[in-house]
Amino acid sequence: MQQIQRQLGERIRKMRTRKGWSQEEFAAISGLHRTYIGAVERGEKNLTISTLHTLAKTLDTTIAQLFRGIA
């Protein structure tokens with residue numbers, strides 16, 4: 001399970017940085033706290049469907065795209 005969380009966190013970080021956003025900017029846009037975003041990107045948080053939806057929407061992608069290629 002933690003491996004999936006780490007891979008998902010890395011994917012989210014890559015997508016965020018491609019947009020040129022800092023963690024603080026991403027947090028402000030998504031409505032989540034910066035420290036929470038950091039924990040997500042490090043794979044420390046097990047995300048809910050609701051939070052996944054929020055992150056995907058903020059990144060202008062889908063939940064399916066977030067998980068593409070993650071095993």
# chains A, B, ... in the order shown; residues from 1 in each chain; ligands from 1
call {"tool": "residues_around", "arguments": {"residues": "Gln65 in chain A", "least_positions_apart": "2", "cutoff": "12 Å", "atoms": "only C-alpha atoms", "output": "list in words"}}
result
Leu8, Arg11, Ile12, Met15, Leu52, His53, Leu55, Ala56, Lys57, Leu59, Asp60, Thr61, Thr62, Ile63, Phe67, Arg68, Gly69 and Ile70 of chain A
call {"tool": "write_last_selection", "arguments": {"atoms": "C-alpha atoms", "output": "mmCIF file, in the first residue's frame"}}
result
data_model
loop_
_atom_site.group_PDB
_atom_site.id
_atom_site.type_symbol
_atom_site.label_atom_id
_atom_site.label_comp_id
_atom_site.auth_asym_id
_atom_site.auth_seq_id
_atom_site.Cartn_x
_atom_site.Cartn_y
_atom_site.Cartn_z
ATOM 1 C CA LEU A 8 0.895 8.524 -6.468
ATOM 2 C CA ARG A 11 2.957 11.630 -9.847
ATOM 3 C CA ILE A 12 1.133 14.485 -8.128
ATOM 4 C CA MET A 15 2.159 17.258 -12.352
ATOM 5 C CA LEU A 52 -8.249 12.579 -5.056
ATOM 6 C CA HIS A 53 -11.057 14.291 -6.960
ATOM 7 C CA LEU A 55 -6.357 17.133 -6.549
ATOM 8 C CA ALA A 56 -7.202 15.786 -10.008
ATOM 9 C CA LYS A 57 -9.544 18.697 -10.690
ATOM 10 C CA LEU A 59 -4.317 19.547 -11.794
ATOM 11 C CA ASP A 60 -6.814 19.528 -14.692
ATOM 12 C CA THR A 61 -6.724 15.744 -15.008
ATOM 13 C CA THR A 62 -8.732 12.716 -13.919
ATOM 14 C CA ILE A 63 -8.331 10.303 -11.040
ATOM 15 C CA PHE A 67 -3.177 6.240 -11.290
ATOM 16 C CA ARG A 68 -2.152 5.374 -14.864
ATOM 17 C CA GLY A 69 0.859 3.060 -14.769
ATOM 18 C CA ILE A 70 0.962 2.783 -10.978
#
call {"tool": "residues_around", "arguments": {"residues": "Arg16 in chain A", "least_positions_apart": "6", "cutoff": "10 Å", "atoms": "only C-alpha atoms", "output": "number ranges by chain"}}
result
A: 10, 22-23, 25-26, 41, 55, 58-59
call {"tool": "closest_residue", "arguments": {"among": "A:Gln3, A:Thr51, A:Glu44, A:Leu66", "to": "Ala27 in chain A", "atoms": "only C-alpha atoms"}}
result
A:Thr51
call {"tool": "closest_residue", "arguments": {"among": "A:Ile49, A:Trp21, A:Gly38, A:Leu32", "to": "Ala64 in chain A", "atoms": "only C-alpha atoms"}}
result
A:Ile49
call {"tool": "decode", "arguments": {"residues": "range 48-68 of chain A", "atoms": "N, CA and C atoms", "output": "PDB file, in the first residue's frame"}}
result
ATOM      1  N   THR A  48      -8.479  10.027   0.359  1.00  0.00           N
ATOM      2  CA  THR A  48      -9.874   9.664   0.144  1.00  0.00           C
ATOM      3  C   THR A  48     -10.234   9.947  -1.314  1.00  0.00           C
ATOM      4  N   ILE A  49     -11.329   9.387  -1.758  1.00  0.00           N
ATOM      5  CA  ILE A  49     -11.816   9.647  -3.115  1.00  0.00           C
ATOM      6  C   ILE A  49     -12.079  11.131  -3.291  1.00  0.00           C
ATOM      7  N   SER A  50     -12.633  11.758  -2.294  1.00  0.00           N
ATOM      8  CA  SER A  50     -12.942  13.186  -2.361  1.00  0.00           C
ATOM      9  C   SER A  50     -11.676  14.022  -2.551  1.00  0.00           C
ATOM     10  N   THR A  51     -10.634  13.702  -1.802  1.00  0.00           N
ATOM     11  CA  THR A  51      -9.378  14.435  -1.928  1.00  0.00           C
ATOM     12  C   THR A  51      -8.725  14.148  -3.276  1.00  0.00           C
ATOM     13  N   LEU A  52      -8.770  12.908  -3.727  1.00  0.00           N
ATOM     14  CA  LEU A  52      -8.249  12.579  -5.056  1.00  0.00           C
ATOM     15  C   LEU A  52      -8.958  13.395  -6.127  1.00  0.00           C
ATOM     16  N   HIS A  53     -10.274  13.509  -5.998  1.00  0.00           N
ATOM     17  CA  HIS A  53     -11.057  14.291  -6.960  1.00  0.00           C
ATOM     18  C   HIS A  53     -10.615  15.751  -6.934  1.00  0.00           C
ATOM     19  N   THR A  54     -10.439  16.297  -5.750  1.00  0.00           N
ATOM     20  CA  THR A  54      -9.995  17.691  -5.615  1.00  0.00           C
ATOM     21  C   THR A  54      -8.631  17.898  -6.265  1.00  0.00           C
ATOM     22  N   LEU A  55      -7.692  17.003  -5.985  1.00  0.00           N
ATOM     23  CA  LEU A  55      -6.357  17.133  -6.549  1.00  0.00           C
ATOM     24  C   LEU A  55      -6.377  16.982  -8.065  1.00  0.00           C
ATOM     25  N   ALA A  56      -7.115  15.995  -8.562  1.00  0.00           N
ATOM     26  CA  ALA A  56      -7.202  15.786 -10.008  1.00  0.00           C
ATOM     27  C   ALA A  56      -7.819  17.002 -10.693  1.00  0.00           C
ATOM     28  N   LYS A  57      -8.876  17.520 -10.120  1.00  0.00           N
ATOM     29  CA  LYS A  57      -9.544  18.697 -10.690  1.00  0.00           C
ATOM     30  C   LYS A  57      -8.584  19.890 -10.712  1.00  0.00           C
ATOM     31  N   THR A  58      -7.869  20.096  -9.624  1.00  0.00           N
ATOM     32  CA  THR A  58      -6.916  21.204  -9.541  1.00  0.00           C
ATOM     33  C   THR A  58      -5.816  21.049 -10.583  1.00  0.00           C
ATOM     34  N   LEU A  59      -5.378  19.813 -10.823  1.00  0.00           N
ATOM     35  CA  LEU A  59      -4.317  19.547 -11.794  1.00  0.00           C
ATOM     36  C   LEU A  59      -4.856  19.431 -13.220  1.00  0.00           C
ATOM     37  N   ASP A  60      -6.162  19.607 -13.382  1.00  0.00           N
ATOM     38  CA  ASP A  60      -6.814  19.528 -14.692  1.00  0.00           C
ATOM     39  C   ASP A  60      -6.593  18.159 -15.337  1.00  0.00           C
ATOM     40  N   THR A  61      -6.851  17.118 -14.534  1.00  0.00           N
ATOM     41  CA  THR A  61      -6.724  15.744 -15.008  1.00  0.00           C
ATOM     42  C   THR A  61      -7.832  14.914 -14.371  1.00  0.00           C
ATOM     43  N   THR A  62      -7.753  13.613 -14.512  1.00  0.00           N
ATOM     44  CA  THR A  62      -8.732  12.716 -13.919  1.00  0.00           C
ATOM     45  C   THR A  62      -8.052  11.842 -12.864  1.00  0.00           C
ATOM     46  N   ILE A  63      -8.867  11.243 -12.019  1.00  0.00           N
ATOM     47  CA  ILE A  63      -8.331  10.303 -11.040  1.00  0.00           C
ATOM     48  C   ILE A  63      -7.663   9.140 -11.775  1.00  0.00           C
ATOM     49  N   ALA A  64      -8.271   8.685 -12.860  1.00  0.00           N
ATOM     50  CA  ALA A  64      -7.691   7.587 -13.645  1.00  0.00           C
ATOM     51  C   ALA A  64      -6.298   7.955 -14.144  1.00  0.00           C
ATOM     52  N   GLN A  65      -6.117   9.172 -14.612  1.00  0.00           N
ATOM     53  CA  GLN A  65      -4.805   9.614 -15.094  1.00  0.00           C
ATOM     54  C   GLN A  65      -3.784   9.651 -13.954  1.00  0.00           C
ATOM     55  N   LEU A  66      -4.223  10.025 -12.760  1.00  0.00           N
ATOM     56  CA  LEU A  66      -3.314  10.027 -11.626  1.00  0.00           C
ATOM     57  C   LEU A  66      -2.752   8.638 -11.357  1.00  0.00           C
ATOM     58  N   PHE A  67      -3.585   7.604 -11.584  1.00  0.00           N
ATOM     59  CA  PHE A  67      -3.177   6.240 -11.290  1.00  0.00           C
ATOM     60  C   PHE A  67      -2.598   5.485 -12.487  1.00  0.00           C
ATOM     61  N   ARG A  68      -2.633   6.071 -13.663  1.00  0.00           N
ATOM     62  CA  ARG A  68      -2.152   5.374 -14.864  1.00  0.00           C
ATOM     63  C   ARG A  68      -0.705   4.932 -14.682  1.00  0.00           C
TER      64      ARG A  68
END
